[in-house]
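This is target.csv (CSV, C-alpha atoms and all ligand atoms).
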chain,number,residue,atom,x,y,z
A,1,MET,CA,-53.6,0.8,-18.3
A,2,PRO,CA,-52.7,4.4,-17.3
A,3,ILE,CA,-49.0,5.0,-17.4
A,4,SER,CA,-47.2,7.6,-15.3
A,5,PRO,CA,-46.8,11.0,-17.0
A,6,ARG,CA,-43.4,11.9,-18.4
A,7,PRO,CA,-41.4,13.5,-15.6
A,8,GLY,CA,-40.4,17.2,-16.0
A,9,SER,CA,-36.8,17.5,-17.4
A,10,PRO,CA,-34.6,16.5,-14.5
A,11,ALA,CA,-31.6,18.8,-13.8
A,12,PRO,CA,-28.2,17.4,-14.2
A,13,LEU,CA,-27.1,15.4,-11.1
A,14,ASN,CA,-25.2,17.5,-8.7
A,15,PRO,CA,-24.6,15.9,-5.3
A,16,SER,CA,-23.1,18.0,-2.5
A,17,ALA,CA,-19.4,17.5,-1.7
A,18,ARG,CA,-19.5,15.9,1.8
A,19,VAL,CA,-16.8,15.1,4.3
A,20,LEU,CA,-17.5,11.4,4.8
A,21,LEU,CA,-16.4,10.6,8.3
A,22,GLY,CA,-18.9,7.8,9.0
A,23,PRO,CA,-18.6,4.0,9.0
A,24,GLY,CA,-18.4,4.0,5.1
A,25,PRO,CA,-18.6,4.9,2.4
A,26,SER,CA,-15.4,6.8,3.0
A,27,GLU,CA,-14.0,9.7,1.0
A,28,VAL,CA,-12.7,8.7,-2.4
A,29,SER,CA,-9.6,10.1,-4.0
A,30,PRO,CA,-10.2,12.1,-7.2
A,31,ARG,CA,-7.9,9.7,-9.1
A,32,VAL,CA,-10.3,6.9,-8.3
A,33,LEU,CA,-13.4,8.9,-9.2
A,34,SER,CA,-11.9,9.8,-12.6
A,35,ALA,CA,-10.9,6.2,-13.3
A,36,MET,CA,-14.7,5.4,-13.1
A,37,GLY,CA,-15.3,7.9,-15.9
A,38,MET,CA,-12.9,6.2,-18.4
A,39,PRO,CA,-14.2,4.5,-21.5
A,40,LEU,CA,-15.7,1.1,-21.1
A,41,LEU,CA,-13.8,-2.0,-22.3
A,42,GLY,CA,-15.7,-5.2,-23.0
A,43,HIS,CA,-15.5,-7.7,-20.2
A,44,LEU,CA,-13.4,-10.1,-22.3
A,45,ASP,CA,-11.3,-7.4,-24.0
A,46,PRO,CA,-7.6,-8.3,-23.6
A,47,GLU,CA,-7.0,-5.0,-21.9
A,48,PHE,CA,-9.7,-5.6,-19.4
A,49,VAL,CA,-8.4,-9.2,-18.8
A,50,ALA,CA,-5.0,-7.7,-18.1
A,51,LEU,CA,-6.5,-5.3,-15.7
A,52,MET,CA,-8.1,-8.2,-13.8
A,53,ASP,CA,-4.8,-10.0,-13.6
A,54,GLU,CA,-3.2,-6.8,-12.3
A,55,THR,CA,-6.0,-6.3,-9.7
A,56,GLN,CA,-5.4,-9.9,-8.4
A,57,ASP,CA,-1.8,-9.1,-7.9
A,58,LEU,CA,-2.6,-5.8,-6.2
A,59,LEU,CA,-5.1,-7.6,-3.9
A,60,ARG,CA,-2.5,-10.2,-3.0
A,61,TYR,CA,-0.3,-7.4,-1.9
A,62,ALA,CA,-3.1,-5.8,0.2
A,63,PHE,CA,-4.1,-9.1,1.8
A,64,ARG,CA,-0.4,-10.2,2.2
A,65,THR,CA,-1.1,-13.5,0.6
A,66,GLU,CA,0.0,-15.8,-2.2
A,67,ASN,CA,-3.4,-17.4,-2.5
A,68,ARG,CA,-4.1,-18.1,-6.2
A,69,LEU,CA,-7.9,-17.7,-5.6
A,70,THR,CA,-7.8,-14.0,-4.8
A,71,MET,CA,-10.2,-11.7,-6.6
A,72,ALA,CA,-13.0,-9.2,-6.4
A,73,VAL,CA,-16.6,-10.5,-6.2
A,74,SER,CA,-19.2,-8.3,-7.8
A,75,GLY,CA,-21.3,-6.9,-5.0
A,76,THR,CA,-20.6,-5.1,-1.7
A,77,GLY,CA,-18.9,-6.4,1.4
A,78,SER,CA,-22.0,-8.5,2.3
A,79,ALA,CA,-21.7,-10.3,-1.0
A,80,GLY,CA,-18.1,-11.1,0.1
A,81,MET,CA,-19.4,-12.5,3.4
A,82,GLU,CA,-22.0,-14.6,1.5
A,83,ALA,CA,-19.4,-15.8,-1.0
A,84,VAL,CA,-17.1,-17.1,1.7
A,85,VAL,CA,-19.9,-18.8,3.7
A,86,VAL,CA,-21.9,-20.4,0.9
A,87,ASN,CA,-18.7,-21.8,-0.7
A,88,LEU,CA,-17.3,-23.3,2.5
A,89,ILE,CA,-20.5,-24.5,4.0
A,90,GLU,CA,-22.7,-27.4,2.9
A,91,PRO,CA,-26.1,-27.9,4.6
A,92,GLY,CA,-25.6,-29.6,7.9
A,93,ASP,CA,-22.0,-28.4,8.3
A,94,LYS,CA,-21.1,-26.9,11.7
A,95,MET,CA,-20.0,-23.3,11.9
A,96,LEU,CA,-18.9,-21.4,15.0
A,97,VAL,CA,-19.5,-17.7,14.7
A,98,CYS,CA,-18.1,-15.1,17.2
A,99,VAL,CA,-20.6,-12.3,17.6
A,100,ASN,CA,-19.7,-9.0,19.3
A,101,GLY,CA,-21.6,-6.6,17.0
A,102,VAL,CA,-23.9,-6.3,14.1
A,103,PHE,CA,-21.6,-7.8,11.5
A,104,GLY,CA,-20.9,-11.0,13.5
A,105,GLY,CA,-24.7,-11.2,13.8
A,106,ARG,CA,-25.0,-10.9,10.0
A,107,MET,CA,-22.6,-13.8,9.6
A,108,VAL,CA,-24.8,-16.0,11.7
A,109,ASP,CA,-27.8,-15.1,9.5
A,110,VAL,CA,-25.9,-15.8,6.3
A,111,ALA,CA,-24.6,-19.1,7.7
A,112,LEU,CA,-28.1,-20.2,8.8
A,113,ARG,CA,-29.5,-19.4,5.4
A,114,ALA,CA,-26.7,-21.6,3.8
A,115,GLY,CA,-27.9,-24.5,6.0
A,116,ALA,CA,-25.1,-24.4,8.5
A,117,GLU,CA,-25.6,-25.8,12.0
A,118,VAL,CA,-24.5,-22.6,13.7
A,119,THR,CA,-23.2,-22.1,17.2
A,120,ALA,CA,-22.8,-18.4,18.1
A,121,ILE,CA,-20.7,-17.2,21.0
A,122,GLU,CA,-21.2,-13.6,22.2
A,123,ARG,CA,-19.3,-10.7,23.7
A,124,PRO,CA,-21.0,-7.4,24.7
A,125,TYR,CA,-20.7,-4.6,22.1
A,126,GLY,CA,-17.4,-2.8,22.4
A,127,GLU,CA,-15.5,-5.9,23.7
A,128,VAL,CA,-13.3,-8.4,21.9
A,129,PHE,CA,-13.1,-12.2,22.3
A,130,ASP,CA,-10.4,-13.7,24.5
A,131,PRO,CA,-8.6,-16.4,22.4
A,132,GLN,CA,-9.0,-18.9,25.2
A,133,GLU,CA,-12.8,-18.7,25.3
A,134,VAL,CA,-12.9,-19.2,21.5
A,135,ARG,CA,-10.5,-22.1,21.8
A,136,ASP,CA,-12.8,-23.7,24.4
A,137,ALA,CA,-15.8,-23.2,22.1
A,138,ILE,CA,-14.0,-24.7,19.1
A,139,ARG,CA,-13.1,-27.8,21.1
A,140,LYS,CA,-16.6,-28.2,22.3
A,141,VAL,CA,-18.3,-27.6,18.9
A,142,GLY,CA,-15.8,-29.2,16.5
A,143,PRO,CA,-16.9,-26.9,13.6
A,144,LYS,CA,-15.9,-27.1,10.0
A,145,VAL,CA,-15.5,-23.3,9.9
A,146,VAL,CA,-14.9,-20.6,12.5
A,147,GLY,CA,-16.1,-17.2,11.5
A,148,ILE,CA,-15.0,-13.9,13.1
A,149,VAL,CA,-15.0,-10.2,12.4
A,150,HIS,CA,-11.5,-8.6,12.5
A,151,ALA,CA,-12.7,-5.0,12.6
A,152,GLU,CA,-16.3,-4.8,14.0
A,153,THR,CA,-17.5,-1.5,12.4
A,154,SER,CA,-20.6,-1.4,14.6
A,155,THR,CA,-18.5,-1.1,17.8
A,156,GLY,CA,-15.0,-0.1,16.8
A,157,ALA,CA,-13.5,-3.3,18.2
A,158,TRP,CA,-10.2,-4.6,16.8
A,159,GLN,CA,-10.2,-8.3,17.3
A,160,PRO,CA,-6.8,-10.2,17.4
A,161,VAL,CA,-7.3,-13.3,15.2
A,162,GLU,CA,-3.9,-15.0,14.9
A,163,GLU,CA,-4.2,-17.1,18.0
A,164,ILE,CA,-7.8,-18.0,17.2
A,165,ALA,CA,-6.7,-19.2,13.7
A,166,ARG,CA,-4.2,-21.5,15.4
A,167,SER,CA,-6.8,-22.9,17.7
A,168,ALA,CA,-9.1,-23.5,14.7
A,169,HIS,CA,-6.4,-25.4,12.9
A,170,GLU,CA,-5.5,-27.5,15.9
A,171,ALA,CA,-9.1,-28.7,16.0
A,172,GLY,CA,-9.1,-29.4,12.2
A,173,ALA,CA,-11.3,-26.4,11.4
A,174,MET,CA,-10.9,-23.6,8.9
A,175,ILE,CA,-11.1,-20.0,9.8
A,176,ALA,CA,-12.9,-17.3,7.9
A,177,ILE,CA,-12.4,-13.6,8.7
A,178,ASP,CA,-14.3,-10.4,7.9
A,179,THR,CA,-11.8,-7.6,7.0
A,180,VAL,CA,-14.3,-5.2,5.4
A,181,THR,CA,-13.2,-2.4,7.6
A,182,SER,CA,-9.6,-3.5,8.4
A,183,LEU,CA,-8.1,-4.0,4.9
A,184,GLY,CA,-5.9,-1.0,4.1
A,185,GLY,CA,-6.4,0.5,7.6
A,186,VAL,CA,-4.6,-1.9,10.0
A,187,PRO,CA,-2.4,-4.9,9.5
A,188,VAL,CA,-4.1,-7.8,7.7
A,189,GLU,CA,-1.8,-10.9,7.3
A,190,ILE,CA,-3.7,-13.6,5.5
A,191,ASP,CA,-0.7,-15.9,5.0
A,192,GLY,CA,1.1,-14.8,8.2
A,193,TRP,CA,-1.9,-15.7,10.3
A,194,ALA,CA,-2.8,-18.8,8.1
A,195,ILE,CA,-6.4,-17.6,7.3
A,196,ASP,CA,-8.4,-19.9,5.1
A,197,ALA,CA,-10.9,-17.5,3.8
A,198,VAL,CA,-11.3,-13.7,3.9
A,199,TYR,CA,-13.6,-11.1,2.4
A,200,SER,CA,-13.5,-7.3,2.4
A,201,GLY,CA,-15.2,-4.4,0.8
A,202,THR,CA,-14.1,-1.4,-1.3
A,203,GLN,CA,-15.7,1.5,0.5
A,204,LYS,CA,-14.0,1.5,3.8
A,205,CYS,CA,-10.2,1.8,4.1
A,206,LEU,CA,-9.6,1.1,0.4
A,207,SER,CA,-11.5,4.4,-0.3
A,208,CYS,CA,-13.2,3.3,-3.4
A,209,PRO,CA,-17.0,3.5,-4.0
A,210,PRO,CA,-19.0,0.5,-2.8
A,211,GLY,CA,-19.6,-2.2,-5.3
A,212,LEU,CA,-16.9,-4.9,-5.1
A,213,ALA,CA,-15.9,-7.4,-2.5
A,214,PRO,CA,-12.2,-8.6,-2.5
A,215,VAL,CA,-12.0,-12.2,-1.4
A,216,SER,CA,-9.2,-14.7,-1.0
A,217,PHE,CA,-9.2,-18.5,-0.3
A,218,SER,CA,-6.3,-20.6,0.9
A,219,PRO,CA,-5.4,-23.8,-1.0
A,220,ARG,CA,-7.0,-25.8,1.8
A,221,ALA,CA,-10.3,-23.8,1.4
A,222,VAL,CA,-10.2,-24.4,-2.4
A,223,GLU,CA,-9.7,-28.1,-1.8
A,224,SER,CA,-12.7,-28.2,0.5
A,225,ILE,CA,-14.8,-26.3,-2.1
A,226,HIS,CA,-13.9,-28.9,-4.7
A,227,ALA,CA,-14.6,-31.8,-2.3
A,228,ARG,CA,-18.2,-30.7,-1.7
A,229,LYS,CA,-21.0,-33.2,-2.2
A,230,SER,CA,-23.7,-30.6,-2.8
A,231,LYS,CA,-23.9,-27.8,-5.3
A,232,ILE,CA,-23.0,-24.3,-4.0
A,233,GLN,CA,-26.3,-22.8,-2.9
A,234,SER,CA,-25.7,-19.5,-4.8
A,235,TRP,CA,-25.3,-19.5,-8.6
A,236,TYR,CA,-24.0,-15.9,-8.6
A,237,LEU,CA,-21.4,-16.4,-5.9
A,238,ASP,CA,-20.2,-19.9,-6.9
A,239,MET,CA,-16.4,-19.5,-6.7
A,240,THR,CA,-15.8,-22.5,-8.9
A,241,MET,CA,-17.6,-20.8,-11.8
A,242,ILE,CA,-16.4,-17.2,-11.0
A,243,SER,CA,-12.8,-18.4,-10.9
A,244,ARG,CA,-13.1,-19.8,-14.5
A,245,TYR,CA,-13.7,-16.2,-15.6
A,246,TRP,CA,-10.9,-14.7,-13.4
A,247,GLY,CA,-8.6,-17.7,-14.3
A,248,SER,CA,-7.1,-18.5,-17.6
A,249,ASP,CA,-10.3,-20.0,-19.1
A,250,ARG,CA,-12.0,-16.5,-19.3
A,251,PHE,CA,-15.2,-18.4,-19.3
A,252,TYR,CA,-18.3,-16.1,-19.2
A,253,HIS,CA,-20.1,-16.2,-15.9
A,254,HIS,CA,-21.6,-12.7,-15.4
A,255,THR,CA,-20.6,-9.4,-16.9
A,256,ALA,CA,-17.9,-7.8,-14.7
A,257,PRO,CA,-18.9,-4.3,-13.4
A,258,ILE,CA,-16.2,-2.7,-15.6
A,259,SER,CA,-16.1,0.8,-14.1
A,260,MET,CA,-16.1,-0.5,-10.5
A,261,ASN,CA,-13.1,-2.7,-11.4
A,262,TYR,CA,-11.3,0.4,-12.8
A,263,ALA,CA,-12.0,2.1,-9.5
A,264,LEU,CA,-10.7,-0.8,-7.4
A,265,ARG,CA,-7.6,-1.1,-9.6
A,266,GLU,CA,-6.9,2.6,-9.1
A,267,ALA,CA,-7.6,2.6,-5.4
A,268,LEU,CA,-5.2,-0.4,-4.9
A,269,ALA,CA,-2.6,1.4,-7.0
A,270,LEU,CA,-2.8,4.2,-4.4
A,271,VAL,CA,-2.3,1.7,-1.6
A,272,VAL,CA,0.8,0.4,-3.3
A,273,GLU,CA,2.1,3.9,-4.0
A,274,GLU,CA,1.7,4.8,-0.3
A,275,GLY,CA,2.9,1.4,1.0
A,276,LEU,CA,0.8,-0.6,3.5
A,277,GLU,CA,3.0,0.2,6.5
A,278,ALA,CA,2.9,3.9,5.9
A,279,ARG,CA,-0.9,3.7,5.4
A,280,TRP,CA,-1.4,1.8,8.7
A,281,GLN,CA,0.8,4.4,10.4
A,282,ARG,CA,-1.2,7.3,8.9
A,283,HIS,CA,-4.5,5.8,10.2
A,284,MET,CA,-3.0,5.4,13.7
A,285,THR,CA,-1.5,8.9,13.8
A,286,ASN,CA,-4.8,10.5,12.9
A,287,HIS,CA,-6.7,8.3,15.3
A,288,LEU,CA,-4.5,9.3,18.2
A,289,ALA,CA,-5.0,13.0,17.4
A,290,LEU,CA,-8.8,12.6,17.1
A,291,LYS,CA,-8.8,10.7,20.4
A,292,ALA,CA,-6.8,13.4,22.1
A,293,GLY,CA,-9.2,16.0,20.8
A,294,LEU,CA,-12.3,14.1,21.9
A,295,GLY,CA,-10.8,13.5,25.3
A,296,ALA,CA,-10.3,17.2,25.8
A,297,MET,CA,-14.0,17.6,25.3
A,298,GLY,CA,-14.7,14.8,27.8
A,299,ILE,CA,-15.8,12.3,25.2
A,300,SER,CA,-14.9,8.7,25.9
A,301,TYR,CA,-14.7,5.5,23.8
A,302,ILE,CA,-17.2,2.7,24.0
A,303,THR,CA,-14.7,0.2,22.8
A,304,THR,CA,-12.3,-1.4,25.3
A,305,GLU,CA,-9.0,0.4,25.7
A,306,GLY,CA,-6.3,-1.3,23.7
A,307,HIS,CA,-8.7,-2.7,21.2
A,308,GLN,CA,-9.9,0.5,19.5
A,309,LEU,CA,-9.7,0.6,15.7
A,310,PRO,CA,-7.9,3.7,14.4
A,311,GLN,CA,-10.3,3.9,11.5
A,312,LEU,CA,-13.6,3.6,13.4
A,313,ASN,CA,-13.9,5.6,16.6
A,314,CYS,CA,-17.0,4.5,18.5
A,315,VAL,CA,-17.6,7.0,21.3
A,316,ARG,CA,-20.2,7.7,23.9
A,317,ILE,CA,-22.6,10.6,23.2
A,318,PRO,CA,-22.2,13.1,26.1
A,319,GLU,CA,-24.9,13.2,28.8
A,320,GLY,CA,-27.8,15.5,27.8
A,321,ILE,CA,-26.9,15.7,24.1
A,322,ASP,CA,-29.3,14.5,21.5
A,323,ASP,CA,-27.7,12.2,18.8
A,324,LEU,CA,-29.7,13.3,15.8
A,325,THR,CA,-29.6,17.1,16.6
A,326,VAL,CA,-25.8,17.0,16.5
A,327,ARG,CA,-25.5,14.7,13.4
A,328,LYS,CA,-28.0,16.9,11.5
A,329,ARG,CA,-26.1,20.0,12.4
A,330,LEU,CA,-22.8,18.5,11.4
A,331,LEU,CA,-24.2,17.6,8.0
A,332,LYS,CA,-26.1,20.9,7.4
A,333,ASP,CA,-23.7,23.4,8.7
A,334,TRP,CA,-20.4,21.6,8.1
A,335,GLY,CA,-21.1,19.1,5.3
A,336,ILE,CA,-19.7,16.3,7.7
A,337,GLU,CA,-21.2,12.9,7.9
A,338,ILE,CA,-20.6,10.7,10.9
A,339,GLY,CA,-22.4,7.5,11.9
A,340,GLY,CA,-24.9,6.8,14.7
A,341,GLY,CA,-25.0,3.7,16.9
A,342,LEU,CA,-26.1,0.4,15.5
A,343,GLY,CA,-28.1,-2.3,17.3
A,344,SER,CA,-27.9,-1.9,21.1
A,345,LEU,CA,-25.9,1.3,20.7
A,346,LYS,CA,-28.6,3.2,18.8
A,347,GLY,CA,-28.9,6.8,20.2
A,348,GLN,CA,-25.9,6.2,22.6
A,349,ALA,CA,-22.9,6.2,20.3
A,350,TRP,CA,-21.3,8.1,17.5
A,351,ARG,CA,-19.1,6.3,15.0
A,352,ILE,CA,-16.4,8.5,13.5
A,353,GLY,CA,-14.6,7.0,10.6
A,354,LEU,CA,-11.1,8.0,9.6
A,355,MET,CA,-10.9,5.6,6.7
A,356,GLY,CA,-8.5,5.5,3.7
A,357,HIS,CA,-8.4,8.8,1.9
A,358,GLY,CA,-10.5,10.3,4.7
A,359,SER,CA,-7.9,9.7,7.3
A,360,ARG,CA,-6.2,13.1,7.1
A,361,ARG,CA,-5.2,15.9,9.4
A,362,VAL,CA,-7.5,18.4,7.7
A,363,ASN,CA,-10.5,16.1,8.4
A,364,VAL,CA,-9.5,15.5,12.1
A,365,THR,CA,-9.1,19.3,12.6
A,366,LEU,CA,-12.3,20.2,10.8
A,367,PHE,CA,-14.3,17.6,12.6
A,368,LEU,CA,-13.1,18.6,16.1
A,369,ALA,CA,-13.8,22.2,15.3
A,370,ALA,CA,-17.3,21.3,14.1
A,371,LEU,CA,-18.2,19.1,17.0
A,372,GLU,CA,-16.9,21.6,19.5
A,373,THR,CA,-19.0,24.3,17.9
A,374,CYS,CA,-22.1,22.1,17.8
A,375,LEU,CA,-21.7,21.0,21.4
A,376,ARG,CA,-21.1,24.6,22.7
A,377,GLU,CA,-24.2,25.8,20.8
A,378,LEU,CA,-26.1,23.1,22.7
A,379,SER,CA,-24.6,24.7,25.8
A,380,ALA,CA,-22.2,21.9,26.7
A,381,ALA,CA,-19.5,23.2,29.1
A,382,ILE,CA,-16.4,22.9,26.9
A,383,ALA,CA,-13.3,25.1,26.9
A,384,PRO,CA,-13.1,26.7,23.5
A,385,GLY,CA,-10.1,25.5,21.5
A,386,ALA,CA,-9.1,22.7,23.9
A,387,ALA,CA,-9.9,19.9,21.5
A,388,LEU,CA,-7.8,21.4,18.6
A,389,ALA,CA,-4.9,22.1,21.0
A,390,ALA,CA,-4.9,18.5,22.3
A,391,ALA,CA,-5.0,17.2,18.7
A,392,ALA,CA,-2.1,19.5,17.7
A,393,GLN,CA,-0.1,18.2,20.6
A,394,ALA,CA,-0.8,14.6,19.6
A,395,TYR,CA,0.4,15.3,16.1
A,396,ALA,CA,3.5,16.9,17.5
A,397,ALA,CA,4.1,13.9,19.7
A,398,ASN,CA,3.5,11.3,17.0
A,399,ASP,CA,4.9,11.5,13.5
A,400,ALA,CA,3.1,14.5,12.0
A,401,THR,CA,5.2,14.2,8.8
A,402,VAL,CA,3.0,11.5,7.3
A,403,GLN,CA,0.0,13.7,7.5
A,404,ALA,CA,0.5,16.2,4.6
B,1,LIG,C1,-19.6,-2.6,6.0
B,1,LIG,C2,-19.4,-3.9,6.6
B,1,LIG,C3,-19.9,-5.1,6.0
B,1,LIG,C4,-20.9,-5.0,4.9
B,1,LIG,O1,-20.5,-4.4,3.8
B,1,LIG,P1,-21.5,-3.8,2.7
B,1,LIG,O2,-20.6,-3.2,1.8
B,1,LIG,O3,-22.3,-2.8,3.5
B,1,LIG,O4,-22.4,-4.9,2.2
B,1,LIG,C5,-19.6,-6.3,6.6
B,1,LIG,N1,-18.8,-6.4,7.6
B,1,LIG,C6,-18.2,-5.3,8.2
B,1,LIG,C7,-17.3,-5.5,9.3
B,1,LIG,C8,-18.5,-4.0,7.7
B,1,LIG,O5,-17.9,-3.0,8.2

Rewrite the structure from the file as structure tokens, please.
Amino acid sequence: MPISPRPGSPAPLNPSARVLLGPGPSEVSPRVLSAMGMPLLGHLDPEFVALMDETQDLLRYAFRTENRLTMAVSGTGSAGMEAVVVNLIEPGDKMLVCVNGVFGGRMVDVALRAGAEVTAIERPYGEVFDPQEVRDAIRKVGPKVVGIVHAETSTGAWQPVEEIARSAHEAGAMIAIDTVTSLGGVPVEIDGWAIDAVYSGTQKCLSCPPGLAPVSFSPRAVESIHARKSKIQSWYLDMTMISRYWGSDRFYHHTAPISMNYALREALALVVEEGLEARWQRHMTNHLALKAGLGAMGISYITTEGHQLPQLNCVRIPEGIDDLTVRKRLLKDWGIEIGGGLGSLKGQAWRIGLMGHGSRRVNVTLFLAALETCLRELSAAIAPGAALAAAAQAYAANDATVQA
């Protein structure tokens, strides 16, 4: 058997420094990056075990919950989605999923693979669900679990979930929510809203590299997992086994990704240091300035007014402007990454993320200057400097002191 020749000596890895203003991964604080370079501990080392306990407490703070079963699943946000669904759902169970974007659609796929009898209700991209229509669907279907995305990253829609959680409980159902993009960016109140199961990701508003999925299960959800008749479909994501490692048994299940856990610990420490409320405020202030600047260039949001996520700005590409031309120029000339449209918004939308560490005034200003330049080069009729002036005015009107 011929084998491949030995590759020429590869140069040391040297990725470009990008300004990550897309739908994730977001910019990561240098403190988090250096945590990843620290010496490895064994996954059962008492120091690592103490770090896991600390991370659980930090996650409870971020999720605003006292749930005992709160931890980070090894894998990206989608692994968190899968962990929630496969643990709560047994084959034949009914699940109602609200779909108004790509991630709601993904939840349907995951639930079907877990053997759920799925009913999906839909809203057009950019819109949110009215609690009344979800209540009607819950009454009609009688599901075991209702699944809904709190922050739909494909459309920028910010879905209120508290009333929907109440409707689910009135009908005896559990509610599971996707907070991959909301956690650390806008209020997430797991106990306050009585959420039964929640998952998130590290690389959006927590500003940590991708690789872990924070999850939390209410006592009722834990009870339902223990009352299952059938085995959990996924060995890797079986919470009953994983919780024996994260709990006091320290039973080996799989080797924890040590460096990723360092990073998450450090990212959460930064969240605590800043304070959740201040962090939400910072995301909102920068969003309002970005929105003012975009408005001055005649760029409008796809997402319904009043339901626009501050950390994910989904806007309409101006008439006559080519999506890829602009995004390539932003990357090549300015080092800025933004996202394109997903699903039915492909070619029609830009998704501008101001997530976590990336949500800063320098980034808003740089991006508006870059976009204005690109659009003017492509001969769009835009008054020079109008976007930056509008953003500056918004900062002056809102609390600019949190920007530093
Ligand atoms: C990013 C995202 C996911 C998937 O997370 P991955 O880390 O890409 O696996 C799921 N739901 C929402 C709302 C997201 O934004």

Exercise for the section: Show me which residues sit within 6 Å of ligand LIG 1 (chain B) when counting only C-alpha atoms and all ligand atoms, and put them as number ranges by chain. Expected result: A: 76-78, 103, 151-153, 178, 180-181, 201

Put those residues in a file: C-alpha atoms, as an mmCIF file, keeping the file's coordinate frame.
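That gives us out-v8.cif:
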data_model
loop_
_atom_site.group_PDB
_atom_site.id
_atom_site.type_symbol
_atom_site.label_atom_id
_atom_site.label_comp_id
_atom_site.auth_asym_id
_atom_site.auth_seq_id
_atom_site.Cartn_x
_atom_site.Cartn_y
_atom_site.Cartn_z
ATOM 1 C CA THR A 76 -20.600 -5.100 -1.700
ATOM 2 C CA GLY A 77 -18.900 -6.400 1.400
ATOM 3 C CA SER A 78 -22.000 -8.500 2.300
ATOM 4 C CA PHE A 103 -21.600 -7.800 11.500
ATOM 5 C CA ALA A 151 -12.700 -5.000 12.600
ATOM 6 C CA GLU A 152 -16.300 -4.800 14.000
ATOM 7 C CA THR A 153 -17.500 -1.500 12.400
ATOM 8 C CA ASP A 178 -14.300 -10.400 7.900
ATOM 9 C CA VAL A 180 -14.300 -5.200 5.400
ATOM 10 C CA THR A 181 -13.200 -2.400 7.600
ATOM 11 C CA GLY A 201 -15.200 -4.400 0.800
#

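Counting all atoms listed in the file and comparing A:Leu268, A:Leu96, A:Leu212, A:Ile121, the residue that lies closest to A:Gly75 is A:Leu212.
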
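You will find atom CA of A:Glu66 at 22.2 Å from atom CA of A:Ser167.
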
Practice task
Check the smallest atom-to-atom distance from each of A:Cys314, A:Ile321, A:Ala157, A:Ala383 to A:Glu127 using all atoms listed in the file, then report the winner.
Solution key: A:Ala157

Practice task
Tell me, as JSON, numbers by chain, which residues lie within 12 Å of stretch 27-35 of chain A, counting all atoms listed in the file; anything in the same chain fewer than 6 positions away does not count.
Solution key: {"A": [17, 18, 19, 20, 21, 202, 203, 204, 205, 206, 207, 208, 209, 210, 258, 259, 260, 261, 262, 263, 264, 265, 266, 267, 268, 269, 270, 271, 336, 337, 338, 353, 354, 355, 356, 357, 358, 359, 360, 363]}

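Here the selection is built from all atoms listed in the file, and the residues within 10 Å of (-7.8, -21.2, 0.6) turn out to be Glu66, Asn67, Arg68, Leu69, Thr70, Leu88, Met174, Ile175, Ala176, Ile190, Asp191, Ala194, Ile195, Asp196, Ala197, Val198, Ser216, Phe217, Ser218, Pro219, Arg220, Ala221, Val222, Glu223, Ser224 and Ile225 of chain A.
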
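Remark: for A:Pro23, the closest of the candidate residues A:Ser74, A:Ser4, A:Thr65, A:Ser182 is A:Ser182 (distances computed over only C-alpha atoms).
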
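The smallest atom-to-atom distance between A:Asp53 and any of A:Val145, A:Met81, A:Ile382, A:Ala72, using only C-alpha atoms, is found for A:Ala72.
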
Practice task
Tell me, in Å to one decimal, how far atom CA of A:Ala397 is from atom CA of A:Arg361.
Solution key: 14.0 Å

Handout entry: Expected answer as a ChimeraX atom specification: all residues with atoms within 10 Å of (-15.7, -17.1, 22.0), only C-alpha atoms
Key = /A:96-100,120-123,128-138,148,164

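We find atom CA of A:Leu288 and atom CA of A:Tyr395 to be spaced 8.0 Å apart.
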
Give me the residues near A:Gly115 as an mmCIF file with C-alpha atoms, keeping the file's coordinate frame, where near means some atom within 6 Å (using only C-alpha atoms) and where sequence neighbours in that chain fewer than 3 positions away do not count.
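Below is the file that was written, around.cif:
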data_model
loop_
_atom_site.group_PDB
_atom_site.id
_atom_site.type_symbol
_atom_site.label_atom_id
_atom_site.label_comp_id
_atom_site.auth_asym_id
_atom_site.auth_seq_id
_atom_site.Cartn_x
_atom_site.Cartn_y
_atom_site.Cartn_z
ATOM 1 C CA PRO A 91 -26.100 -27.900 4.600
ATOM 2 C CA GLY A 92 -25.600 -29.600 7.900
ATOM 3 C CA LEU A 112 -28.100 -20.200 8.800
#

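For A:Gln393, the set of protein, DNA and RNA residues having any atom at most 12 Å away, when counting only C-alpha atoms and skipping those fewer than 6 positions along the same chain, is Thr285, Asn286, Leu288, Ala289, Leu290, Lys291, Ala292, Gly293, Ala296, Ala386, Ala387, Asp399 and Ala400 of chain A.
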
Exercise for the section: Excluding stretch 248-256 of chain A and residues on its chain fewer than 6 positions from it, collect all residues at most 8 Å away from it, counting all atoms listed in the file, and give them as number ranges by chain. Expected result: A: 43-44, 74, 236, 241-242

Handout entry: Residue nearest A:Ala380 among A:Gly298, A:Arg327, A:Gln308, A:Pro187 (counting only C-alpha atoms)
Key = A:Gly298

Exercise for the section: Could you tell me which of A:Met36, A:Ala227, A:Lys140, A:Arg376 comes closest to A:Gly211 if we count all atoms listed in the file? Expected result: A:Met36

Practice task
Find the spatial neighbours of A:Trp350, counting all atoms listed in the file, within a cut-off of 9 Å - ignore same-chain residues fewer than 2 positions away - and output them as a list of chain:residue names.
Solution key: A:Gly22, A:Asn313, A:Cys314, A:Val315, A:Arg316, A:Ile317, A:Asp323, A:Arg327, A:Ile338, A:Gly339, A:Gly340, A:Gly341, A:Leu345, A:Lys346, A:Gly347, A:Gln348, A:Ile352
